[in-house]
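Structure data (CSV, C-alpha atoms) from run_31.csv:
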```
chain,number,residue,atom,x,y,z
A,186,MET,CA,113.8,93.3,120.4
A,187,GLY,CA,113.2,91.0,117.4
A,188,GLN,CA,111.7,92.1,114.1
A,189,CYS,CA,108.0,91.3,113.6
A,190,HIS,CA,106.7,90.3,110.2
A,191,GLN,CA,103.0,90.3,109.7
A,192,ILE,CA,101.5,87.5,107.5
A,193,VAL,CA,98.4,88.4,105.5
A,194,PRO,CA,95.9,86.0,104.1
A,195,THR,CA,95.4,85.5,100.4
A,196,ILE,CA,93.8,88.6,99.0
A,197,LEU,CA,93.5,90.4,95.7
A,198,LEU,CA,95.7,93.5,95.7
A,199,GLU,CA,94.5,96.3,93.4
A,200,GLU,CA,96.5,99.4,92.6
A,201,CYS,CA,96.3,102.2,90.1
A,202,LEU,CA,98.7,104.7,88.7
A,203,GLU,CA,97.5,108.3,88.6
A,204,ILE,CA,98.9,111.3,86.8
A,205,GLN,CA,99.4,114.6,88.6
A,206,MET,CA,95.8,115.8,88.1
A,207,GLN,CA,94.5,112.7,89.9
A,208,ASN,CA,93.2,111.1,86.6
A,209,TRP,CA,93.2,107.4,86.6
A,210,LEU,CA,95.9,106.2,84.2
A,211,CYS,CA,95.9,102.4,84.5
A,212,GLY,CA,95.6,99.8,87.1
A,213,TYR,CA,96.5,96.2,88.0
A,214,SER,CA,95.6,93.5,90.4
A,215,MET,CA,97.6,90.6,91.6
A,216,MET,CA,96.8,87.6,93.8
A,217,ILE,CA,98.9,87.4,96.9
A,218,GLY,CA,99.2,84.6,99.3
A,219,LYS,CA,100.5,84.3,102.8
A,220,ASP,CA,103.6,86.5,102.8
A,221,THR,CA,105.2,89.3,104.7
A,222,ILE,CA,103.9,92.9,104.3
A,223,PHE,CA,107.4,93.8,103.2
A,224,ARG,CA,107.4,91.4,100.3
A,225,ILE,CA,103.9,92.3,99.2
A,226,GLU,CA,104.8,96.0,99.2
A,227,ALA,CA,108.0,95.3,97.2
A,228,ARG,CA,106.0,93.3,94.7
A,229,SER,CA,103.5,96.2,94.4
A,230,ILE,CA,106.3,98.7,93.8
A,231,LEU,CA,107.9,96.4,91.2
A,232,GLU,CA,104.6,95.9,89.3
A,233,GLY,CA,103.9,99.7,89.3
A,234,LEU,CA,107.4,100.4,88.0
A,235,ARG,CA,107.1,97.8,85.3
A,236,ILE,CA,103.8,99.2,84.1
A,237,ALA,CA,105.1,102.8,84.1
A,238,TRP,CA,108.1,101.7,82.1
A,239,GLU,CA,106.0,99.7,79.6
A,240,LYS,CA,103.7,102.7,79.2
A,241,GLU,CA,106.8,104.8,78.4
A,242,PHE,CA,106.6,107.0,81.5
A,243,ARG,CA,110.1,108.1,82.4
A,244,GLN,CA,109.4,110.4,85.3
A,245,LEU,CA,107.2,109.5,88.3
A,246,ASP,CA,106.8,110.0,92.0
A,247,LEU,CA,106.8,106.8,94.0
A,248,GLU,CA,105.2,106.8,97.4
A,249,CYS,CA,105.7,104.1,100.0
A,250,ASP,CA,105.1,104.3,103.7
A,251,ASN,CA,107.3,101.3,104.5
A,252,ALA,CA,110.5,103.0,105.8
A,253,LEU,CA,112.5,99.8,105.8
A,254,LEU,CA,111.7,99.1,102.2
A,255,VAL,CA,112.5,102.7,101.1
A,256,GLU,CA,115.8,102.6,103.0
A,257,SER,CA,116.7,99.2,101.4
A,258,LEU,CA,116.2,100.7,98.0
A,259,LEU,CA,117.9,104.0,98.6
A,260,ASP,CA,121.0,102.7,100.4
A,261,GLY,CA,121.9,100.2,97.6
A,262,GLY,CA,121.2,97.2,99.7
A,263,ALA,CA,118.8,95.9,97.1
A,264,THR,CA,121.6,95.1,94.7
A,265,ASN,CA,122.8,92.1,96.7
A,266,SER,CA,119.6,91.3,98.4
A,267,LYS,CA,118.4,87.7,98.7
A,268,MET,CA,115.0,88.9,97.9
A,269,VAL,CA,114.3,88.8,94.1
A,270,GLU,CA,111.8,91.6,94.2
A,271,LEU,CA,114.4,94.0,95.6
A,272,ARG,CA,117.0,93.1,93.0
A,273,LEU,CA,114.4,93.5,90.2
A,274,ILE,CA,113.3,96.9,91.6
A,275,HIS,CA,117.0,98.0,91.7
A,276,GLN,CA,117.4,96.9,88.1
A,277,ILE,CA,114.4,98.9,86.9
A,278,LEU,CA,115.5,101.9,88.9
A,279,CYS,CA,118.9,101.8,87.1
A,280,ARG,CA,117.2,102.4,83.8
A,281,SER,CA,117.2,105.8,82.2
A,282,TRP,CA,114.5,107.6,84.2
A,283,LYS,CA,114.4,111.4,84.2
```
So, in terms of structure tokens, how does the structure I just supplied come out?
Amino acid sequence: MGQCHQIVPTILLEECLEIQMQNWLCGYSMMIGKDTIFRIEARSILEGLRIAWEKEFRQLDLECDNALLVESLLDGGATNSKMVELRLIHQILCRSWK
């Protein structure tokens, strides 16, 4: 059975980073066009990691319900991926996090 990719219309994606006590820390929004859910979720993870790094957070829990994306990042497939977002996420994850 072939793989199904859902295309979403242009929307404004808003996310926020929270500390353990559920206090709002910071947020971001980004315009997204017609793209796959996989790429949109990868972009969201990338932006969250960039913000955390810029704010000098070196330890965080990252949650993602996209099993394929998580597997791609954990098994090292992101290093040679054709998808720029995966390679950039891999580069950020290779920094000195706790």
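Between atom CA of A:Arg280 and atom CA of A:Gly212 the interatomic distance comes to 22.0 Å.
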### Query
So which one's closest to A:Lys240, A:Ile225, A:Ala252, A:Cys211, A:Leu271? Using all atoms listed in the file, please.
A:Cys211
### Task
Using all atoms listed in the file, find the one residue out of A:Tyr213, A:Asp260, A:Ser266, A:Thr221 that sits nearest to A:Leu234.
A:Tyr213
### Message
I'd like the neighbourhood of A:Val269 as a PyMOL selection string, where a residue qualifies if any of its atoms comes within 10 Å (using all atoms listed in the file), though same-chain residues fewer than 5 positions away should be ignored.
### Response
chain A and resi 224+227-228+263-264+274-275
Give me, as a short mmCIF file (atom, residue, chain, number, x, y, z; two decimals) with C-alpha atoms, keeping the file's coordinate frame, all polymer residues having an atom no more than 9 Å from A:Phe242, counting only C-alpha atoms and skipping those fewer than 5 positions away in the same chain.
```cif
data_model
loop_
_atom_site.label_atom_id
_atom_site.label_comp_id
_atom_site.auth_asym_id
_atom_site.auth_seq_id
_atom_site.Cartn_x
_atom_site.Cartn_y
_atom_site.Cartn_z
CA ILE A 236 103.80 99.20 84.10
CA ALA A 237 105.10 102.80 84.10
CA TRP A 282 114.50 107.60 84.20
#
```
### Message
To one decimal place in Å, what is the distance between atom CA of A:Arg272 and atom CA of A:Leu258?
### Response
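Computing it gives 9.1 Å between the two atoms.
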